[in-house]
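Structure file coords.txt (compact mmCIF, C-alpha atoms and all ligand atoms) is printed below.
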# COMPACT_ATOMS: atom_id res chain seq x y z
CA LYS A 1 0.00 0.00 0.00
CA LYS A 2 1.19 3.50 -0.82
CA LEU A 3 1.29 5.64 2.31
CA GLY A 4 -0.75 8.85 2.35
CA VAL A 5 1.14 12.12 2.83
CA ALA A 6 -0.49 15.39 3.95
CA LEU A 7 1.51 18.53 3.15
CA LEU A 8 1.23 21.15 5.89
CA GLY A 9 2.11 24.70 4.77
CA LEU A 10 1.45 25.25 1.06
CA GLY A 11 4.17 27.81 0.25
CA GLY A 12 6.96 27.89 -2.28
CA TYR A 13 8.64 24.58 -1.52
CA ALA A 14 5.43 22.58 -1.10
CA SER A 15 3.97 23.99 -4.36
CA GLY A 16 7.12 24.06 -6.44
CA GLN A 17 8.80 20.83 -5.37
CA LEU A 18 6.94 18.54 -2.98
CA GLY A 19 3.53 18.45 -4.70
CA PRO A 20 5.14 17.57 -8.05
CA ALA A 21 7.58 15.09 -6.43
CA LEU A 22 4.64 13.25 -4.83
CA GLN A 23 3.43 12.48 -8.39
CA GLU A 24 6.67 10.53 -8.92
CA THR A 25 6.86 8.65 -5.63
CA LYS A 26 6.22 4.90 -5.64
CA HIS A 27 5.71 4.21 -1.94
CA CYS A 28 3.69 7.26 -0.91
CA TYR A 29 1.33 9.75 -2.54
CA LEU A 30 -0.21 13.15 -1.92
CA ALA A 31 -3.35 12.31 0.04
CA GLY A 32 -4.12 15.53 1.89
CA ILE A 33 -3.33 19.16 2.68
CA VAL A 34 -3.23 21.29 5.82
CA THR A 35 -3.29 25.04 5.31
CA GLY A 36 -4.07 28.35 6.99
CA SER A 37 -5.11 29.83 3.64
CA PRO A 38 -8.59 28.65 2.54
CA SER A 39 -8.06 30.38 -0.82
CA LYS A 40 -5.35 27.83 -1.72
CA VAL A 41 -7.62 24.81 -1.18
CA PRO A 42 -9.60 24.63 -4.48
CA LYS A 43 -6.46 24.82 -6.64
CA TRP A 44 -4.71 22.04 -4.69
CA GLN A 45 -7.83 19.85 -4.62
CA ASP A 46 -8.30 20.29 -8.36
CA LYS A 47 -4.71 19.78 -9.35
CA TYR A 48 -4.07 16.74 -7.16
CA ASN A 49 -7.53 15.23 -6.80
CA ILE A 50 -7.65 15.64 -3.02
CA PRO A 51 -11.00 14.70 -1.43
CA ASP A 52 -12.74 17.12 0.95
CA GLU A 53 -12.29 14.83 3.95
CA ASN A 54 -8.47 15.09 3.59
CA VAL A 55 -8.36 18.90 3.72
CA TYR A 56 -7.52 20.49 7.07
CA SER A 57 -7.01 23.96 8.51
CA TYR A 58 -4.56 24.69 11.32
CA ASP A 59 -7.60 24.85 13.64
CA ASN A 60 -9.10 21.44 12.93
CA PHE A 61 -5.75 19.78 12.13
CA ASP A 62 -5.70 17.66 15.31
CA SER A 63 -8.73 15.69 14.07
CA ILE A 64 -6.42 14.23 11.40
CA ALA A 65 -5.90 11.59 14.13
CA ASP A 66 -9.18 10.00 12.95
CA ASN A 67 -8.18 9.88 9.28
CA ASP A 68 -6.60 6.56 8.26
CA ALA A 69 -5.87 7.86 4.75
CA ILE A 70 -3.09 10.04 6.18
CA ASP A 71 0.02 8.19 7.41
CA ILE A 72 2.58 11.01 7.18
CA VAL A 73 2.35 14.76 7.86
CA TYR A 74 5.01 16.78 6.04
CA VAL A 75 5.68 20.10 7.84
CA VAL A 76 6.74 22.79 5.33
CA THR A 77 6.16 25.98 7.33
CA PRO A 78 8.59 28.73 8.42
CA ASN A 79 11.31 27.24 10.63
CA ALA A 80 10.01 28.26 14.07
CA LEU A 81 6.66 26.58 13.39
CA HIS A 82 8.27 23.18 12.80
CA MET A 83 8.20 22.25 16.49
CA PRO A 84 4.54 23.01 17.29
CA PHE A 85 3.26 21.33 14.11
CA THR A 86 5.55 18.30 14.46
CA VAL A 87 4.38 17.81 18.06
CA ARG A 88 0.71 18.10 17.02
CA ALA A 89 1.20 15.67 14.12
CA ALA A 90 2.92 13.11 16.37
CA GLU A 91 0.23 13.50 19.02
CA ALA A 92 -2.33 12.81 16.28
CA GLY A 93 -0.51 9.51 15.70
CA LYS A 94 1.12 10.45 12.39
CA HIS A 95 4.68 9.91 11.19
CA VAL A 96 6.35 13.24 10.44
CA ILE A 97 8.65 14.68 7.83
CA CYS A 98 9.86 18.10 8.90
CA GLU A 99 11.68 20.51 6.64
CA LYS A 100 15.17 21.77 7.32
CA PRO A 101 16.39 23.46 9.46
CA MET A 102 14.74 21.14 11.96
CA GLU A 103 13.89 24.17 14.16
CA ILE A 104 15.55 27.35 15.42
CA SER A 105 17.20 25.90 18.54
CA SER A 106 18.48 22.55 19.77
CA ASP A 107 16.04 22.68 22.70
CA ARG A 108 13.10 22.86 20.33
CA CYS A 109 14.56 19.96 18.29
CA ARG A 110 14.71 17.84 21.47
CA LYS A 111 11.00 18.48 22.09
CA MET A 112 10.19 17.24 18.59
CA ILE A 113 12.20 14.06 19.05
CA ALA A 114 10.58 13.43 22.43
CA ALA A 115 7.07 13.89 21.00
CA CYS A 116 7.69 11.44 18.13
CA GLU A 117 9.30 8.91 20.47
CA LYS A 118 6.41 9.16 22.91
CA ALA A 119 3.91 8.62 20.10
CA GLY A 120 5.98 5.75 18.64
CA ARG A 121 6.14 7.55 15.29
CA LYS A 122 9.06 8.08 12.90
CA LEU A 123 10.60 11.47 12.14
CA GLN A 124 12.54 12.46 9.03
CA ILE A 125 14.20 15.83 8.36
CA GLY A 126 13.88 17.08 4.76
CA TYR A 127 17.58 16.61 3.96
CA ARG A 128 16.92 15.65 0.33
CA LEU A 129 20.63 15.43 -0.54
CA ARG A 130 21.24 12.55 1.85
CA TYR A 131 19.14 10.57 -0.68
CA GLU A 132 20.73 12.01 -3.84
CA SER A 133 23.07 9.92 -6.02
CA HIS A 134 26.07 12.30 -6.30
CA HIS A 135 26.02 12.93 -2.57
CA LYS A 136 25.64 9.21 -1.83
CA GLN A 137 28.69 8.60 -4.03
CA ILE A 138 30.85 10.95 -1.95
CA MET A 139 29.55 9.34 1.26
CA ASP A 140 30.75 5.99 -0.14
CA PHE A 141 34.14 7.51 -1.06
CA ALA A 142 34.54 8.60 2.58
CA LYS A 143 33.39 5.25 4.01
CA ASN A 144 35.63 3.21 1.68
CA GLU A 145 38.53 5.71 1.56
CA THR A 146 38.38 5.23 -2.22
CA TYR A 147 40.80 8.13 -2.75
CA GLY A 148 42.63 7.72 0.53
CA LYS A 149 42.01 9.74 3.64
CA ILE A 150 40.19 13.05 3.41
CA LYS A 151 42.36 16.07 4.22
CA VAL A 152 40.44 19.27 3.40
CA MET A 153 36.85 20.09 2.48
CA ASP A 154 35.75 23.37 0.87
CA THR A 155 32.11 24.30 0.50
CA ASN A 156 29.91 27.33 0.03
CA PHE A 157 26.20 27.72 -0.65
CA SER A 158 25.17 31.31 -1.26
CA PHE A 159 22.80 33.27 -3.41
CA TYR A 160 22.73 36.90 -4.35
CA GLY A 161 19.88 39.15 -3.40
CA ILE A 162 17.28 39.39 -0.71
CA ASN A 163 13.97 39.11 -2.50
CA GLY A 164 10.90 40.71 -1.07
CA SER A 165 9.38 40.49 2.37
CA ASN A 166 9.52 36.73 2.93
CA TRP A 167 9.84 35.74 6.61
CA ARG A 168 13.33 34.28 6.01
CA PHE A 169 14.69 37.81 5.38
CA THR A 170 12.49 39.83 7.72
CA ASP A 171 11.51 37.85 10.81
CA VAL A 172 14.28 36.25 12.85
CA SER A 173 11.70 34.87 15.28
CA LEU A 174 10.56 32.61 12.40
CA SER A 175 13.86 32.05 10.55
CA GLY A 176 16.20 31.70 13.55
CA GLY A 177 19.02 33.28 11.53
CA GLY A 178 20.28 34.30 8.12
CA PRO A 179 21.83 32.26 5.31
CA LEU A 180 23.41 29.73 7.69
CA MET A 181 19.94 28.56 8.80
CA ASP A 182 18.53 28.64 5.29
CA ILE A 183 21.24 27.38 2.93
CA GLY A 184 24.53 27.21 4.85
CA LEU A 185 23.07 24.14 6.50
CA TYR A 186 23.62 22.26 3.22
CA SER A 187 27.34 23.00 3.38
CA LEU A 188 27.45 21.93 7.03
CA GLU A 189 25.61 18.71 6.19
CA ALA A 190 27.96 17.95 3.27
CA THR A 191 31.05 18.20 5.49
CA LEU A 192 29.49 15.72 7.93
CA TYR A 193 28.30 13.00 5.54
CA GLY A 194 31.12 13.77 3.10
CA SER A 195 33.72 12.99 5.75
CA GLN A 196 31.74 10.59 7.95
CA LEU A 197 33.40 12.45 10.83
CA LYS A 198 32.24 14.67 13.67
CA PRO A 199 33.89 18.08 14.19
CA ILE A 200 35.76 18.82 17.40
CA ALA A 201 36.15 22.62 17.15
CA ILE A 202 34.64 25.51 15.21
CA THR A 203 35.71 29.09 14.44
CA ALA A 204 33.49 31.53 12.53
CA GLN A 205 33.14 35.10 11.24
CA SER A 206 29.96 36.86 10.20
CA TYR A 207 29.47 40.07 8.21
CA LYS A 208 26.77 42.51 7.24
CA SER A 209 26.95 45.30 4.68
CA ILE A 210 23.23 46.17 4.78
CA PRO A 211 22.43 47.33 8.35
CA ASP A 212 18.82 48.22 7.48
CA LYS A 213 18.03 44.71 6.23
CA LEU A 214 18.00 41.17 7.68
CA PRO A 215 17.10 42.29 11.25
CA GLY A 216 18.89 40.10 13.79
CA MET A 217 20.46 38.00 11.04
CA GLU A 218 23.83 37.72 9.33
CA GLU A 219 24.26 38.53 5.64
CA SER A 220 27.38 36.38 5.22
CA ILE A 221 28.99 33.81 7.44
CA PHE A 222 32.19 31.82 7.09
CA TRP A 223 33.19 29.02 9.38
CA GLN A 224 35.97 26.52 9.79
CA MET A 225 35.67 23.10 11.37
CA GLU A 226 38.42 20.89 12.76
CA PHE A 227 37.82 17.18 12.67
CA PRO A 228 39.89 14.38 14.22
CA GLU A 229 43.23 13.54 12.57
CA GLY A 230 43.72 17.08 11.29
CA VAL A 231 40.89 17.05 8.74
CA ILE A 232 39.58 20.57 8.16
CA ALA A 233 36.57 22.13 6.49
CA ASN A 234 36.36 25.66 5.16
CA CYS A 235 32.72 26.72 4.72
CA GLY A 236 30.65 29.75 3.81
CA SER A 237 27.13 30.94 3.19
CA SER A 238 25.84 34.33 2.12
CA TYR A 239 22.96 36.26 0.61
CA ALA A 240 25.55 38.44 -1.16
CA ALA A 241 27.39 35.91 -3.33
CA ARG A 242 26.82 33.20 -5.91
CA SER A 243 28.33 29.91 -4.82
CA ASN A 244 27.11 26.35 -4.82
CA TYR A 245 29.89 23.78 -4.41
CA PHE A 246 31.39 21.02 -2.29
CA ARG A 247 35.01 19.95 -2.85
CA VAL A 248 37.01 17.28 -1.10
CA SER A 249 40.79 16.97 -1.21
CA THR A 250 42.18 13.59 -0.29
CA GLU A 251 45.56 11.89 -0.11
CA LYS A 252 45.13 10.63 -3.67
CA GLY A 253 43.34 13.47 -5.46
CA TRP A 254 40.12 15.43 -5.27
CA TYR A 255 36.47 15.28 -6.14
CA ALA A 256 33.74 17.88 -6.21
CA ILE A 257 30.09 18.53 -6.89
CA GLU A 258 29.21 21.86 -8.53
CA PRO A 259 26.45 22.83 -8.55
CA ALA A 260 26.15 20.76 -5.42
CA PHE A 261 22.95 21.77 -3.66
CA SER A 262 20.38 22.58 -6.38
CA TYR A 263 17.23 20.52 -6.95
CA GLY A 264 18.73 19.09 -10.14
CA GLY A 265 21.54 19.50 -12.65
CA LEU A 266 24.23 18.48 -10.17
CA LYS A 267 27.62 17.83 -11.71
CA GLY A 268 30.21 15.63 -10.10
CA VAL A 269 33.91 15.59 -10.97
CA ILE A 270 36.67 13.25 -9.82
CA ASN A 271 40.24 14.37 -10.51
CA GLY A 272 38.88 16.43 -13.41
CA GLU A 273 36.75 13.64 -14.94
CA SER A 274 32.95 13.57 -14.83
CA MET A 275 31.35 11.33 -12.21
CA ASN A 276 28.77 10.34 -14.84
CA ILE A 277 25.92 10.13 -12.37
CA LYS A 278 22.33 10.77 -13.46
CA ASN A 279 20.24 13.37 -11.69
CA HIS A 280 16.88 12.23 -10.35
CA ASN A 281 13.99 13.65 -8.36
CA GLN A 282 15.59 14.21 -4.94
CA GLN A 283 12.40 14.84 -3.01
CA ALA A 284 10.74 11.71 -4.42
CA ALA A 285 13.77 9.64 -3.37
CA GLN A 286 13.69 11.20 0.11
CA MET A 287 9.96 10.62 0.67
CA ASP A 288 10.01 7.08 -0.77
CA ALA A 289 12.91 6.17 1.51
CA PHE A 290 10.88 7.40 4.50
CA ALA A 291 7.79 5.43 3.40
CA ILE A 292 9.95 2.28 3.18
CA ASN A 293 11.40 3.02 6.64
CA ILE A 294 7.85 3.11 7.99
CA GLN A 295 6.69 0.00 6.13
CA ASN A 296 9.74 -2.06 7.16
CA ASP A 297 10.31 -0.37 10.52
CA THR A 298 13.91 0.50 9.62
CA PRO A 299 16.02 3.46 10.84
CA VAL A 300 15.62 6.84 9.12
CA ILE A 301 18.80 8.20 7.49
CA ALA A 302 17.96 11.91 7.80
CA SER A 303 16.80 11.35 11.37
CA GLY A 304 15.67 13.76 14.05
CA ALA A 305 18.91 12.95 15.87
CA GLN A 306 20.84 14.21 12.83
CA GLY A 307 18.69 17.36 12.64
CA LEU A 308 19.38 18.00 16.33
CA GLN A 309 23.11 17.35 15.92
CA ASP A 310 23.23 19.88 13.06
CA MET A 311 21.41 22.46 15.19
CA VAL A 312 24.01 22.00 17.96
CA TYR A 313 26.74 22.75 15.38
CA VAL A 314 24.77 25.75 14.05
CA GLU A 315 24.57 27.14 17.59
CA ALA A 316 28.32 26.62 17.96
CA ILE A 317 28.97 28.42 14.64
CA TYR A 318 26.89 31.42 15.78
CA GLU A 319 28.61 31.41 19.18
CA ALA A 320 32.05 31.34 17.53
CA ALA A 321 31.09 34.21 15.20
CA GLU A 322 29.74 36.28 18.10
CA THR A 323 32.61 35.71 20.53
CA GLY A 324 35.46 35.45 18.04
CA LYS A 325 36.59 32.41 20.01
CA LYS A 326 37.14 28.81 19.00
CA VAL A 327 34.21 26.73 20.21
CA ARG A 328 34.76 23.08 21.15
CA VAL A 329 31.90 20.79 20.23
P1 LIG A 401 7.26 29.97 2.04
O1 LIG A 401 7.28 31.26 2.73
O2 LIG A 401 7.18 29.95 0.55
O3 LIG A 401 6.08 29.06 2.58
C1 LIG A 401 5.78 28.95 3.94
C2 LIG A 401 4.34 28.52 4.11
O4 LIG A 401 4.01 28.50 5.50
C3 LIG A 401 3.37 29.48 3.44
O5 LIG A 401 2.38 28.75 2.76
C4 LIG A 401 2.74 30.23 4.59
O6 LIG A 401 1.41 30.62 4.33
C5 LIG A 401 2.79 29.18 5.69
N1 LIG A 401 2.73 29.78 7.03
C6 LIG A 401 2.05 29.24 8.06
N2 LIG A 401 2.15 30.01 9.14
C7 LIG A 401 2.89 31.07 8.81
C8 LIG A 401 3.35 32.21 9.51
N3 LIG A 401 3.06 32.42 10.81
N4 LIG A 401 4.10 33.10 8.85
C9 LIG A 401 4.44 32.91 7.56
N5 LIG A 401 4.04 31.83 6.85
C10 LIG A 401 3.27 30.92 7.46
O7 LIG A 401 8.56 29.16 2.52
P2 LIG A 401 9.22 27.88 1.85
O8 LIG A 401 10.34 28.32 0.98
O9 LIG A 401 8.18 27.00 1.28
O10 LIG A 401 9.89 27.21 3.14
C11 LIG A 401 9.14 26.43 4.05
C12 LIG A 401 10.10 25.50 4.81
O11 LIG A 401 10.71 24.62 3.87
C13 LIG A 401 11.24 26.22 5.51
O12 LIG A 401 11.54 25.57 6.72
C14 LIG A 401 12.41 26.08 4.54
O13 LIG A 401 13.67 26.09 5.17
C15 LIG A 401 12.12 24.73 3.94
N6 LIG A 401 12.65 24.59 2.57
C16 LIG A 401 13.39 23.50 2.27
C17 LIG A 401 13.91 23.32 1.01
C18 LIG A 401 14.69 22.09 0.68
O14 LIG A 401 15.32 22.06 -0.38
N7 LIG A 401 14.67 21.07 1.51
C19 LIG A 401 13.67 24.29 0.02
C20 LIG A 401 12.89 25.40 0.35
C21 LIG A 401 12.40 25.55 1.63

Kindly return the structure encoded in the file as structure tokens.
Ligand code: NAD
Amino acid sequence: KKLGVALLGLGGYASGQLGPALQETKHCYLAGIVTGSPSKVPKWQDKYNIPDENVYSYDNFDSIADNDAIDIVYVVTPNALHMPFTVRAAEAGKHVICEKPMEISSDRCRKMIAACEKAGRKLQIGYRLRYESHHKQIMDFAKNETYGKIKVMDTNFSFYGINGSNWRFTDVSLSGGGPLMDIGLYSLEATLYGSQLKPIAITAQSYKSIPDKLPGMEESIFWQMEFPEGVIANCGSSYAARSNYFRVSTEKGWYAIEPAFSYGGLKGVINGESMNIKNHNQQAAQMDAFAINIQNDTPVIASGAQGLQDMVYVEAIYEAAETGKKVRV
């Protein structure tokens, strides 16, 4: 049986990526929607053939507990709403996929994990690239030491321009931070699964050239991570640059993905030669993997524990940038 997914929060990512991806999934399908905007309902129902009984508002959402057609709630709201909606979904007896960043603090992440554990439900964080073929290749290179030991990692995910009044640029109480929270997280993630190591110390620097914008948030942030055995990572994220790469230098050469973090069109290179890996729908792969985890009761790769771990590192990066001191993690 295909598991039923209800998307909660019908904004840019749900409309542009997740709705379409759920037309390609094999183990789950778009069964329902949860939204605070009644005006969005007819279009979604029409486009995806969603029956009335699977449409919820934020007010009546808890009654989703009585709906057997919905197995998974996918939380796609602004970051600081991930915790309350994840807790409500778990309490309604549903498995949960929650978008990245998991939340805006490690404490809030712990509450989400506790709620899912208490309900006996699985939790996945929307780290689509942990299910993507180029990124899985570099994980295997690290596990197998295909090119020898990793020495240095370089990565940056940035875009240029702050567009409009979206919460991620205007409301730190919802975003929890600037580009680090939004896109820098991808670079952080890549250094972790790309090395299969855990950092031991972090230094960081943040900058802002536009004091009247991004209230309470950084515009650019650069951070360095030390891993065991002298492995280092040099990372950056900004709303004032155009970068999208992950590079790994090893004892026996180098490999890279560039663009590394886009929804498609990723290009992998090993010592100058193409990796020759096909792109595929990342979100479909991510959601299908979760559906299989539920059906077979197997561990989730992009787990809540991983989301929490990343948030602990994010907090350390911000602390290092604020204090100018090296932070041990
Ligand atoms: P968005 O602003 O386009 O959509 C957010 C949705 O939440 C909107 O439909 C909005 O109506 C709803 N919402 C509910 N309560 C709200 C409130 N109090 N204030 C503002 N909006 C509210 O944002 P998005 O780009 O779709 O991002 C949503 C989440 O998905 C974020 O956590 C983001 O980090 C994540 N995301 C992940 C990826 C990825 O590649 N994994 C890509 C984009 C976004």

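The gap separating CA of Leu192 in chain A from CA of Phe227 in chain A is 9.7 Å, in Å to one decimal.
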
- line: What separates CA of Asp59 in chain A and CA of Ile72 in chain A is a distance of 18.4 Å

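Each of A:Lys325, A:Lys111, A:His27, A:Lys149 was compared to Gly253 in chain A using all atoms listed in the file, and A:Lys149 turns out to be the nearest.
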
query: Any idea what the distance is between CA of Lys278 in chain A and CA of Leu3 in chain A?
result: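 CA of Leu3 in chain A lies 26.8 Å from CA of Lys278 in chain A.
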
task: Show which residues sit within 9 Å of range 76-84 of chain A, as a ChimeraX atom specification. Count all atoms listed in the file, and ignore same-chain residues fewer than 5 positions away.
output: /A:7-11,13-14,89,97-105,108-109,111-112,167-168,173-176,181

message: For range 283-289 of chain A, find every residue with an atom within 10 Å (counting only C-alpha atoms), except residues of its own chain fewer than 2 positions away, and show them as JSON, numbers by chain.
response: {"A": [2, 3, 5, 17, 18, 19, 20, 21, 22, 23, 24, 25, 26, 27, 28, 29, 72, 74, 97, 124, 125, 126, 127, 128, 129, 130, 131, 132, 133, 263, 280, 281, 291, 292, 293, 294, 295, 298, 300, 301, 302]}

Proximity to ligand LIG 401 (chain A) - best of A:Lys40, A:His95, A:Lys151, A:Lys1, only C-alpha atoms and all ligand atoms: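 For ligand LIG 401 (chain A), the nearest of the candidates is A:Lys40.
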
message: as a VMD selection string, please: the residues near range 241-248 of chain A (cut-off 7 Å, only C-alpha atoms, same-chain neighbours under 2 positions excluded).
response: chain A and resid 150 152 to 160 238 to 239 250 254 to 261

task: For Gly177 in chain A, work out the shell of residues within 9 Å, counting all atoms listed in the file and skipping chain neighbours fewer than 6 positions away, then give it as JSON, numbers by chain.
output: {"A": [104, 168, 169, 171, 214, 216, 217, 218]}

Using the file's own x, y and z axes, what box holds all listed atoms of ligand LIG 401 (chain A) with 4 Å on each side, keeping edges along x, y and z, and what are its centre and edge lengths in Å to one decimal, as AutoDock Vina command-line options?
--center_x 8.4 --center_y 27.1 --center_z 5.2 --size_x 21.9 --size_y 20.0 --size_z 19.2

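If you count only C-alpha atoms and ignore residues fewer than 3 places along the chain from Tyr48 in chain A, what sits within 9 Å of it is Gly19, Gln23, Leu30, Ala31, Lys43, Trp44 and Gln45 of chain A.
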
Output for the residues just chosen: C-alpha atoms as a PDB file, in the frame of the given file:
ATOM      1  CA  GLY A  19       3.530  18.450  -4.700  1.00  0.00           C
ATOM      2  CA  GLN A  23       3.430  12.480  -8.390  1.00  0.00           C
ATOM      3  CA  LEU A  30      -0.210  13.150  -1.920  1.00  0.00           C
ATOM      4  CA  ALA A  31      -3.350  12.310   0.040  1.00  0.00           C
ATOM      5  CA  LYS A  43      -6.460  24.820  -6.640  1.00  0.00           C
ATOM      6  CA  TRP A  44      -4.710  22.040  -4.690  1.00  0.00           C
ATOM      7  CA  GLN A  45      -7.830  19.850  -4.620  1.00  0.00           C
TER       8      GLN A  45
END

Rebuild N, CA and C atoms on range 220-234 of chain A, as a short mmCIF file (atom, residue, chain, number, x, y, z; two decimals), in the frame of the given file?
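And here's out31.cif as it stands now:
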data_model
loop_
_atom_site.label_atom_id
_atom_site.label_comp_id
_atom_site.auth_asym_id
_atom_site.auth_seq_id
_atom_site.Cartn_x
_atom_site.Cartn_y
_atom_site.Cartn_z
N SER A 220 26.38 37.36 5.67
CA SER A 220 27.38 36.38 5.22
C SER A 220 28.00 35.75 6.44
N ILE A 221 28.31 34.48 6.33
CA ILE A 221 28.99 33.81 7.44
C ILE A 221 29.99 32.80 6.88
N PHE A 222 31.15 32.78 7.48
CA PHE A 222 32.19 31.82 7.09
C PHE A 222 32.59 31.08 8.34
N TRP A 223 32.78 29.78 8.21
CA TRP A 223 33.19 29.02 9.38
C TRP A 223 34.15 27.92 9.01
N GLN A 224 34.96 27.54 10.00
CA GLN A 224 35.97 26.52 9.79
C GLN A 224 35.76 25.44 10.85
N MET A 225 35.85 24.20 10.42
CA MET A 225 35.67 23.10 11.37
C MET A 225 36.90 22.22 11.38
N GLU A 226 37.33 21.86 12.60
CA GLU A 226 38.42 20.89 12.76
C GLU A 226 37.81 19.55 13.10
N PHE A 227 38.26 18.54 12.41
CA PHE A 227 37.82 17.18 12.67
C PHE A 227 39.00 16.39 13.22
N PRO A 228 38.77 15.19 13.74
CA PRO A 228 39.89 14.38 14.22
C PRO A 228 40.91 14.14 13.10
N GLU A 229 42.12 13.86 13.49
CA GLU A 229 43.23 13.54 12.57
C GLU A 229 43.56 14.67 11.62
N GLY A 230 43.28 15.92 12.07
CA GLY A 230 43.72 17.08 11.29
C GLY A 230 42.90 17.39 10.05
N VAL A 231 41.76 16.73 9.88
CA VAL A 231 40.89 17.05 8.74
C VAL A 231 40.24 18.41 9.00
N ILE A 232 40.20 19.27 7.97
CA ILE A 232 39.58 20.57 8.16
C ILE A 232 38.56 20.88 7.08
N ALA A 233 37.59 21.71 7.45
CA ALA A 233 36.57 22.13 6.49
C ALA A 233 36.50 23.65 6.51
N ASN A 234 36.42 24.22 5.33
CA ASN A 234 36.36 25.66 5.16
C ASN A 234 35.02 25.96 4.47
#
